[in-house]
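Novice: So that you have it, the file is start_2.pdb, and it contains PDB, C-alpha atoms:
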```pdb
MODEL        1
ATOM      1  CA  MET A  77      71.243 137.188 122.065  1.00  0.00           C
ATOM      2  CA  PHE A  78      74.030 134.830 123.098  1.00  0.00           C
ATOM      3  CA  GLU A  79      77.079 136.768 121.862  1.00  0.00           C
ATOM      4  CA  THR A  80      77.991 138.230 125.257  1.00  0.00           C
ATOM      5  CA  LEU A  81      77.550 134.896 127.008  1.00  0.00           C
ATOM      6  CA  GLN A  82      79.625 133.070 124.404  1.00  0.00           C
ATOM      7  CA  GLY A  83      82.343 135.648 124.932  1.00  0.00           C
ATOM      8  CA  ARG A  84      82.272 134.887 128.647  1.00  0.00           C
ATOM      9  CA  LEU A  85      82.460 131.173 127.896  1.00  0.00           C
ATOM     10  CA  GLY A  86      85.353 131.768 125.517  1.00  0.00           C
ATOM     11  CA  HIS A  87      83.641 129.524 122.994  1.00  0.00           C
ATOM     12  CA  SER A  88      81.621 130.234 119.860  1.00  0.00           C
ATOM     13  CA  PHE A  89      79.076 127.456 119.397  1.00  0.00           C
ATOM     14  CA  GLN A  90      78.753 125.567 116.154  1.00  0.00           C
ATOM     15  CA  ASN A  91      75.537 124.042 117.485  1.00  0.00           C
ATOM     16  CA  THR A  92      73.600 126.955 118.954  1.00  0.00           C
ATOM     17  CA  GLN A  93      70.682 124.643 119.707  1.00  0.00           C
ATOM     18  CA  LEU A  94      72.902 122.860 122.214  1.00  0.00           C
ATOM     19  CA  LEU A  95      73.562 126.180 123.926  1.00  0.00           C
ATOM     20  CA  ARG A  96      69.841 126.899 124.045  1.00  0.00           C
ATOM     21  CA  VAL A  97      69.136 123.552 125.725  1.00  0.00           C
ATOM     22  CA  ALA A  98      71.858 124.305 128.291  1.00  0.00           C
ATOM     23  CA  LEU A  99      69.954 127.454 129.196  1.00  0.00           C
ATOM     24  CA  THR A 100      66.476 125.928 129.312  1.00  0.00           C
ATOM     25  CA  HIS A 101      64.870 125.111 132.645  1.00  0.00           C
ATOM     26  CA  ARG A 102      62.474 122.178 132.788  1.00  0.00           C
ATOM     27  CA  SER A 103      59.601 124.549 133.674  1.00  0.00           C
ATOM     28  CA  TYR A 104      60.009 126.315 130.308  1.00  0.00           C
ATOM     29  CA  HIS A 105      60.462 123.071 128.391  1.00  0.00           C
ATOM     30  CA  PHE A 106      57.212 121.568 129.657  1.00  0.00           C
ATOM     31  CA  GLU A 107      55.320 124.776 128.935  1.00  0.00           C
ATOM     32  CA  HIS A 108      56.745 125.048 125.384  1.00  0.00           C
ATOM     33  CA  LYS A 109      57.194 121.474 124.218  1.00  0.00           C
ATOM     34  CA  LYS A 110      56.421 122.341 120.607  1.00  0.00           C
ATOM     35  CA  ASP A 111      59.401 124.668 120.259  1.00  0.00           C
ATOM     36  CA  SER A 112      61.737 123.352 122.956  1.00  0.00           C
ATOM     37  CA  SER A 113      64.365 120.706 122.223  1.00  0.00           C
ATOM     38  CA  GLY A 114      64.879 119.801 125.868  1.00  0.00           C
ATOM     39  CA  HIS A 115      66.018 121.131 129.221  1.00  0.00           C
ATOM     40  CA  PHE A 116      69.401 121.245 130.912  1.00  0.00           C
ATOM     41  CA  GLU A 117      69.182 118.451 133.498  1.00  0.00           C
ATOM     42  CA  ARG A 118      70.948 115.812 131.394  1.00  0.00           C
ATOM     43  CA  LEU A 119      73.664 118.314 130.487  1.00  0.00           C
ATOM     44  CA  GLU A 120      73.991 119.230 134.160  1.00  0.00           C
ATOM     45  CA  PHE A 121      74.756 115.571 134.886  1.00  0.00           C
ATOM     46  CA  LEU A 122      77.555 115.542 132.308  1.00  0.00           C
ATOM     47  CA  GLY A 123      78.901 118.946 133.306  1.00  0.00           C
ATOM     48  CA  ASP A 124      79.276 117.809 136.903  1.00  0.00           C
ATOM     49  CA  ALA A 125      81.453 114.905 135.729  1.00  0.00           C
ATOM     50  CA  VAL A 126      83.577 117.106 133.434  1.00  0.00           C
ATOM     51  CA  LEU A 127      84.173 119.593 136.255  1.00  0.00           C
ATOM     52  CA  ASP A 128      85.186 116.831 138.656  1.00  0.00           C
ATOM     53  CA  LEU A 129      87.601 115.297 136.147  1.00  0.00           C
ATOM     54  CA  VAL A 130      89.300 118.531 135.097  1.00  0.00           C
ATOM     55  CA  LEU A 131      89.555 119.942 138.621  1.00  0.00           C
ATOM     56  CA  SER A 132      90.836 116.635 140.002  1.00  0.00           C
ATOM     57  CA  GLU A 133      93.604 116.643 137.422  1.00  0.00           C
ATOM     58  CA  THR A 134      94.329 120.332 138.052  1.00  0.00           C
ATOM     59  CA  LEU A 135      94.560 119.836 141.814  1.00  0.00           C
ATOM     60  CA  MET A 136      96.832 116.819 141.461  1.00  0.00           C
ATOM     61  CA  ASN A 137      99.167 118.691 139.108  1.00  0.00           C
ATOM     62  CA  THR A 138      99.179 121.860 141.201  1.00  0.00           C
ATOM     63  CA  TYR A 139      99.659 120.128 144.544  1.00  0.00           C
ATOM     64  CA  PRO A 140     101.682 116.938 143.883  1.00  0.00           C
ATOM     65  CA  ASP A 141     102.506 116.446 147.576  1.00  0.00           C
ATOM     66  CA  VAL A 142      99.010 116.901 149.006  1.00  0.00           C
ATOM     67  CA  GLU A 143      97.106 113.794 150.102  1.00  0.00           C
ATOM     68  CA  GLU A 144      93.924 112.562 148.432  1.00  0.00           C
ATOM     69  CA  GLY A 145      91.704 113.393 151.388  1.00  0.00           C
ATOM     70  CA  THR A 146      92.617 117.071 151.309  1.00  0.00           C
ATOM     71  CA  LEU A 147      92.342 117.198 147.510  1.00  0.00           C
ATOM     72  CA  SER A 148      88.816 115.776 147.788  1.00  0.00           C
ATOM     73  CA  LYS A 149      87.817 118.449 150.292  1.00  0.00           C
ATOM     74  CA  TRP A 150      89.291 121.168 148.122  1.00  0.00           C
ATOM     75  CA  ARG A 151      87.505 119.895 145.033  1.00  0.00           C
ATOM     76  CA  ALA A 152      84.209 119.750 146.922  1.00  0.00           C
ATOM     77  CA  SER A 153      84.692 123.348 148.050  1.00  0.00           C
ATOM     78  CA  LEU A 154      85.291 124.476 144.465  1.00  0.00           C
ATOM     79  CA  VAL A 155      82.208 122.814 142.966  1.00  0.00           C
ATOM     80  CA  ASN A 156      79.594 123.075 145.707  1.00  0.00           C
ATOM     81  CA  GLU A 157      76.312 124.770 144.914  1.00  0.00           C
ATOM     82  CA  ALA A 158      77.219 128.095 146.499  1.00  0.00           C
ATOM     83  CA  ALA A 159      80.559 128.333 144.668  1.00  0.00           C
ATOM     84  CA  LEU A 160      79.062 127.528 141.255  1.00  0.00           C
ATOM     85  CA  ALA A 161      76.129 129.856 141.863  1.00  0.00           C
ATOM     86  CA  GLU A 162      78.579 132.696 142.480  1.00  0.00           C
ATOM     87  CA  ILE A 163      80.067 132.115 139.038  1.00  0.00           C
ATOM     88  CA  GLY A 164      76.600 132.015 137.494  1.00  0.00           C
ATOM     89  CA  LYS A 165      75.707 135.246 139.253  1.00  0.00           C
ATOM     90  CA  SER A 166      78.884 136.958 138.056  1.00  0.00           C
ATOM     91  CA  TRP A 167      77.955 135.943 134.515  1.00  0.00           C
ATOM     92  CA  GLU A 168      74.411 137.315 134.981  1.00  0.00           C
ATOM     93  CA  LEU A 169      73.114 133.928 133.839  1.00  0.00           C
ATOM     94  CA  GLY A 170      69.594 134.825 134.923  1.00  0.00           C
ATOM     95  CA  ARG A 171      69.379 137.137 131.899  1.00  0.00           C
ATOM     96  CA  TYR A 172      69.868 134.267 129.469  1.00  0.00           C
ATOM     97  CA  LEU A 173      67.809 131.458 130.991  1.00  0.00           C
ATOM     98  CA  PHE A 174      64.585 130.213 129.442  1.00  0.00           C
ATOM     99  CA  LEU A 175      62.250 129.972 132.424  1.00  0.00           C
ATOM    100  CA  GLY A 176      58.665 128.877 132.909  1.00  0.00           C
ATOM    101  CA  ARG A 177      56.062 130.881 134.760  1.00  0.00           C
ATOM    102  CA  SER A 178      56.955 129.308 138.103  1.00  0.00           C
ATOM    103  CA  GLU A 179      60.554 130.568 137.865  1.00  0.00           C
ATOM    104  CA  GLU A 180      60.173 133.774 135.852  1.00  0.00           C
ATOM    105  CA  ALA A 181      59.271 135.903 138.885  1.00  0.00           C
ATOM    106  CA  GLN A 182      62.672 135.105 140.417  1.00  0.00           C
ATOM    107  CA  ARG A 183      64.757 135.772 137.305  1.00  0.00           C
ATOM    108  CA  ASP A 184      66.497 138.822 138.791  1.00  0.00           C
ATOM    109  CA  ASN A 185      67.233 136.949 142.017  1.00  0.00           C
ATOM    110  CA  ALA A 186      67.641 133.406 140.758  1.00  0.00           C
ATOM    111  CA  ARG A 187      68.013 130.596 143.267  1.00  0.00           C
ATOM    112  CA  PRO A 188      71.592 129.364 143.823  1.00  0.00           C
ATOM    113  CA  ARG A 189      70.551 125.868 142.757  1.00  0.00           C
ATOM    114  CA  LEU A 190      69.270 127.182 139.423  1.00  0.00           C
ATOM    115  CA  LEU A 191      72.442 129.153 138.688  1.00  0.00           C
ATOM    116  CA  ALA A 192      74.728 126.286 139.702  1.00  0.00           C
ATOM    117  CA  SER A 193      72.803 123.802 137.550  1.00  0.00           C
ATOM    118  CA  ALA A 194      72.880 126.110 134.533  1.00  0.00           C
ATOM    119  CA  PHE A 195      76.626 126.609 134.933  1.00  0.00           C
ATOM    120  CA  GLU A 196      77.240 122.854 134.964  1.00  0.00           C
ATOM    121  CA  ALA A 197      75.026 122.469 131.909  1.00  0.00           C
ATOM    122  CA  LEU A 198      77.045 125.125 130.070  1.00  0.00           C
ATOM    123  CA  VAL A 199      80.293 123.306 130.889  1.00  0.00           C
ATOM    124  CA  ALA A 200      78.789 120.178 129.332  1.00  0.00           C
ATOM    125  CA  ALA A 201      77.565 122.096 126.294  1.00  0.00           C
ATOM    126  CA  VAL A 202      81.035 123.550 125.686  1.00  0.00           C
ATOM    127  CA  TYR A 203      82.504 120.059 126.058  1.00  0.00           C
ATOM    128  CA  MET A 204      80.044 118.529 123.591  1.00  0.00           C
ATOM    129  CA  ASP A 205      80.402 121.345 121.058  1.00  0.00           C
ATOM    130  CA  GLY A 206      84.130 122.019 121.291  1.00  0.00           C
ATOM    131  CA  GLY A 207      85.687 118.997 122.954  1.00  0.00           C
ATOM    132  CA  MET A 208      87.671 118.571 126.150  1.00  0.00           C
ATOM    133  CA  GLU A 209      90.196 121.307 125.380  1.00  0.00           C
ATOM    134  CA  ALA A 210      87.442 123.899 125.083  1.00  0.00           C
ATOM    135  CA  ALA A 211      86.000 122.725 128.385  1.00  0.00           C
ATOM    136  CA  ARG A 212      89.437 122.791 130.023  1.00  0.00           C
ATOM    137  CA  ALA A 213      90.004 126.360 128.851  1.00  0.00           C
ATOM    138  CA  LEU A 214      86.665 127.488 130.315  1.00  0.00           C
ATOM    139  CA  ILE A 215      87.297 125.749 133.640  1.00  0.00           C
ATOM    140  CA  ALA A 216      90.844 127.104 133.817  1.00  0.00           C
ATOM    141  CA  ARG A 217      89.666 130.689 133.377  1.00  0.00           C
ATOM    142  CA  GLU A 218      87.143 130.356 136.179  1.00  0.00           C
ATOM    143  CA  PHE A 219      89.043 128.174 138.632  1.00  0.00           C
ATOM    144  CA  ASP A 220      92.810 128.571 138.244  1.00  0.00           C
ATOM    145  CA  ASP A 221      93.013 131.531 140.633  1.00  0.00           C
ATOM    146  CA  LYS A 222      90.775 129.731 143.126  1.00  0.00           C
ATOM    147  CA  VAL A 223      92.939 126.602 142.916  1.00  0.00           C
ATOM    148  CA  LYS A 224      96.130 128.605 143.495  1.00  0.00           C
ATOM    149  CA  ALA A 225      94.552 130.322 146.516  1.00  0.00           C
ATOM    150  CA  LEU A 226      93.925 127.037 148.335  1.00  0.00           C
ATOM    151  CA  SER A 227      95.936 126.510 151.504  1.00  0.00           C
ATOM    152  CA  LEU A 228      96.584 123.717 153.959  1.00  0.00           C
ATOM    153  CA  ASP A 229      95.927 126.306 156.665  1.00  0.00           C
ATOM    154  CA  ASN A 230      92.294 126.257 155.534  1.00  0.00           C
ATOM    155  CA  GLU A 231      91.932 122.667 154.397  1.00  0.00           C
ATOM    156  CA  PHE A 232      88.145 122.730 154.348  1.00  0.00           C
ATOM    157  CA  ALA A 233      87.860 125.891 152.230  1.00  0.00           C
ATOM    158  CA  GLN A 234      84.107 126.386 151.795  1.00  0.00           C
ATOM    159  CA  ASP A 235      83.038 123.466 154.004  1.00  0.00           C
ATOM    160  CA  PHE A 236      81.252 125.866 156.329  1.00  0.00           C
ATOM    161  CA  LYS A 237      79.785 123.185 158.602  1.00  0.00           C
ATOM    162  CA  THR A 238      83.220 121.871 159.501  1.00  0.00           C
ATOM    163  CA  ARG A 239      84.594 125.365 160.015  1.00  0.00           C
ATOM    164  CA  LEU A 240      81.677 126.346 162.244  1.00  0.00           C
ATOM    165  CA  GLN A 241      82.019 123.155 164.296  1.00  0.00           C
ATOM    166  CA  GLU A 242      85.726 123.763 164.842  1.00  0.00           C
ATOM    167  CA  TRP A 243      85.006 127.378 165.832  1.00  0.00           C
ATOM    168  CA  THR A 244      82.231 126.558 168.315  1.00  0.00           C
ATOM    169  CA  GLN A 245      84.058 123.620 169.876  1.00  0.00           C
ATOM    170  CA  LYS A 246      87.166 125.733 170.400  1.00  0.00           C
ATOM    171  CA  ARG A 247      85.328 128.714 171.873  1.00  0.00           C
ATOM    172  CA  PHE A 248      82.160 127.290 173.444  1.00  0.00           C
ATOM    173  CA  HIS A 249      82.929 123.544 173.741  1.00  0.00           C
ATOM    174  CA  VAL A 250      79.669 122.661 171.999  1.00  0.00           C
ATOM    175  CA  THR A 251      78.691 121.170 168.635  1.00  0.00           C
ATOM    176  CA  PRO A 252      76.240 123.016 166.340  1.00  0.00           C
ATOM    177  CA  GLU A 253      72.807 121.485 165.823  1.00  0.00           C
ATOM    178  CA  TYR A 254      70.848 121.764 162.563  1.00  0.00           C
ATOM    179  CA  ARG A 255      67.064 121.996 162.612  1.00  0.00           C
ATOM    180  CA  LEU A 256      64.743 121.752 159.613  1.00  0.00           C
ATOM    181  CA  ALA A 257      62.663 124.914 159.539  1.00  0.00           C
ATOM    182  CA  GLN A 258      60.847 124.420 156.245  1.00  0.00           C
ATOM    183  CA  SER A 259      60.505 121.915 153.417  1.00  0.00           C
ATOM    184  CA  GLU A 260      58.383 122.530 150.353  1.00  0.00           C
ATOM    185  CA  GLY A 261      57.986 121.636 146.699  1.00  0.00           C
ATOM    186  CA  PRO A 262      57.546 118.389 144.744  1.00  0.00           C
ATOM    187  CA  GLU A 263      59.954 115.509 145.283  1.00  0.00           C
ATOM    188  CA  HIS A 264      61.973 116.302 142.151  1.00  0.00           C
ATOM    189  CA  ALA A 265      62.421 119.959 143.187  1.00  0.00           C
ATOM    190  CA  LYS A 266      62.447 120.096 146.979  1.00  0.00           C
ATOM    191  CA  HIS A 267      63.439 123.303 148.761  1.00  0.00           C
ATOM    192  CA  PHE A 268      64.777 123.190 152.312  1.00  0.00           C
ATOM    193  CA  VAL A 269      65.382 125.812 154.989  1.00  0.00           C
ATOM    194  CA  PHE A 270      67.587 124.896 157.962  1.00  0.00           C
ATOM    195  CA  GLU A 271      68.553 126.756 161.124  1.00  0.00           C
ATOM    196  CA  VAL A 272      71.819 126.212 162.964  1.00  0.00           C
ATOM    197  CA  ILE A 273      71.684 126.309 166.751  1.00  0.00           C
ATOM    198  CA  VAL A 274      74.644 126.790 169.072  1.00  0.00           C
ATOM    199  CA  ASP A 275      74.215 126.594 172.832  1.00  0.00           C
ATOM    200  CA  GLY A 276      70.446 126.942 172.461  1.00  0.00           C
ATOM    201  CA  LYS A 277      70.596 130.030 170.227  1.00  0.00           C
ATOM    202  CA  VAL A 278      69.773 130.249 166.519  1.00  0.00           C
ATOM    203  CA  LEU A 279      72.915 131.676 164.924  1.00  0.00           C
ATOM    204  CA  GLY A 280      71.967 131.418 161.276  1.00  0.00           C
ATOM    205  CA  SER A 281      69.630 130.023 158.654  1.00  0.00           C
ATOM    206  CA  GLY A 282      70.072 128.931 155.076  1.00  0.00           C
ATOM    207  CA  GLU A 283      68.229 127.415 152.152  1.00  0.00           C
ATOM    208  CA  GLY A 284      69.041 124.992 149.381  1.00  0.00           C
ATOM    209  CA  SER A 285      67.813 122.266 147.073  1.00  0.00           C
ATOM    210  CA  SER A 286      69.071 119.562 149.448  1.00  0.00           C
ATOM    211  CA  ARG A 287      69.427 119.192 153.191  1.00  0.00           C
ATOM    212  CA  LYS A 288      73.211 119.264 152.825  1.00  0.00           C
ATOM    213  CA  ASN A 289      73.243 122.515 150.857  1.00  0.00           C
ATOM    214  CA  ALA A 290      70.768 124.182 153.215  1.00  0.00           C
ATOM    215  CA  GLU A 291      72.844 123.185 156.254  1.00  0.00           C
ATOM    216  CA  GLN A 292      75.998 124.535 154.595  1.00  0.00           C
ATOM    217  CA  ALA A 293      74.201 127.817 153.868  1.00  0.00           C
ATOM    218  CA  ALA A 294      73.041 128.026 157.493  1.00  0.00           C
ATOM    219  CA  ALA A 295      76.588 127.438 158.724  1.00  0.00           C
ATOM    220  CA  ARG A 296      77.897 130.150 156.417  1.00  0.00           C
ATOM    221  CA  SER A 297      75.271 132.556 157.744  1.00  0.00           C
ATOM    222  CA  ALA A 298      76.338 131.798 161.303  1.00  0.00           C
ATOM    223  CA  ILE A 299      80.042 132.299 160.497  1.00  0.00           C
ATOM    224  CA  GLU A 300      79.276 135.688 158.960  1.00  0.00           C
ATOM    225  CA  LYS A 301      77.351 136.753 162.053  1.00  0.00           C
ATOM    226  CA  LEU A 302      80.159 135.564 164.302  1.00  0.00           C
ATOM    227  CA  GLY A 303      82.605 137.699 162.351  1.00  0.00           C
ATOM    228  CA  GLU A 304      84.733 134.852 160.981  1.00  0.00           C
ATOM    229  CA  SER A 305      86.353 135.536 157.612  1.00  0.00           C
ATOM    230  CA  LEU A 306      85.027 133.502 154.695  1.00  0.00           C
TER
ENDMDL
END
```
Translate the structure of the given file into structure tokens.

Specialist:
Amino acid sequence: MFETLQGRLGHSFQNTQLLRVALTHRSYHFEHKKDSSGHFERLEFLGDAVLDLVLSETLMNTYPDVEEGTLSKWRASLVNEAALAEIGKSWELGRYLFLGRSEEAQRDNARPRLLASAFEALVAAVYMDGGMEAARALIAREFDDKVKALSLDNEFAQDFKTRLQEWTQKRFHVTPEYRLAQSEGPEHAKHFVFEVIVDGKVLGSGEGSSRKNAEQAAARSAIEKLGESL
């Protein structure tokens, strides 16, 4: 069942059990402990580090004259939850994930956090199974065009909060406010909904697995409504 996904990864796994773990959500693991070898959260941790290392090196090599502060902002824009979720969505990762009952109902419209986490876990799995060069090749295929498209004219890339603040201060001379609209779920899997308010009006709302991600999603929603290009 993994042939298509392995083709997208550009890597044929020697250890297919490692690939299965990278696709297993904790909800499935705890419901099927007898036949589950683990879930992807530890791999997600490693994948995040591999992404940061490879993209940091790529950015430094591609832009040798750009200062560290800008490189940091660019890297953050490339690996934020929304950006990684877009990759996961393009891969149709929801089709391959092992999900428990609590997540199964949302398989066809998987949460951005779930897709982003699974993508990071897959990066780690490729690294562990094929080494750094296999991981580099995967990351290059997905990010090289995005890296080359970066511009000092848009230093913040997908930092939507900063972009919205600059837009509203320039046009309305006010700073956006973010208001928590909803918070639910256990501590290890919180889900937040934030609204962004400009000059007393709600311009957008967004959700995420952290306050930061939800605020970024709200800012993006507001930018779209205001007609700013993303």

Novice: Could you state which residues are captured by the PyMOL selection byres ((chain A and resi 204) around 10) in this file, as a PyMOL selection string?

Specialist: chain A and resi 89+91+94+119+122-123+198-203+205-208+210-211

Novice: Give one line per residue of region 90-130 of chain A that approaches region 147-166 of chain A to at most 12 Å, naming the two atoms of the closest pair and their distance in Å to one decimal, counting all atoms listed in the file; sort by chain then ascending residue number and deliver it as CSV.

Specialist:
```
residue,atom,partner,partner_atom,distance
A:Leu99,CA,A:Gly164,CA,11.6
A:Gly123,CA,A:Val155,CA,10.9
A:Asp124,CA,A:Val155,CA,8.4
A:Ala125,CA,A:Val155,CA,10.7
A:Val126,CA,A:Val155,CA,11.2
A:Leu127,CA,A:Val155,CA,7.7
A:Asp128,CA,A:Arg151,CA,7.4
A:Leu129,CA,A:Arg151,CA,10.0
A:Val130,CA,A:Arg151,CA,10.2
```

Novice: When you draw a straight line from CA of Lys224 (chain A) to CA of Phe236 (chain A), how long is it in Å?

Specialist: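 These two atoms are separated by 19.8 Å.
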
Novice: What lies within 6 Å of region 286-297 of chain A using all atoms listed in the file, ignoring chain neighbours under 6 positions off, as a ChimeraX atom specification?

Specialist: /A:236-237,269-272,280

Novice: What does the distance from CA of Leu191 (chain A) to CA of Glu168 (chain A) come to in Å, to one decimal?

Specialist: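 If I compute the distance from CA of Leu191 (chain A) to CA of Glu168 (chain A), I get 9.2 Å.
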
Novice: What does the PyMOL selection byres ((chain A and resi 174) around 9) select in this file, as a PyMOL selection string?

Specialist: chain A and resi 96-97+99-105+170-173+175-176+180

Novice: Considering all atoms listed in the file, can you say which of A:Leu95, A:Glu253, A:Ile273, A:Phe219 comes closest to Ala194 (chain A)?

Specialist: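 Answer, going by the shortest atom-to-atom distance: A:Leu95.
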
Novice: Between A:Asp275, A:Asp111, A:Glu218, A:Ser88, which one has atoms that come closest to Gln245 (chain A), using only C-alpha atoms?

Specialist: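 Once distances to Gln245 (chain A) are computed over only C-alpha atoms, the minimum belongs to A:Asp275.
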
Novice: Applied to the shown file, which residues does the PyMOL selection byres ((chain A and resi 79) around 12) return, written as a list in words?

Specialist: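 So the PyMOL selection byres ((chain A and resi 79) around 12), applied here, picks out Met77, Phe78, Thr80, Leu81, Gln82, Gly83, Arg84, Leu85, Gly86, His87, Ser88, Phe89, Thr92, Leu95 and Tyr172 of chain A.
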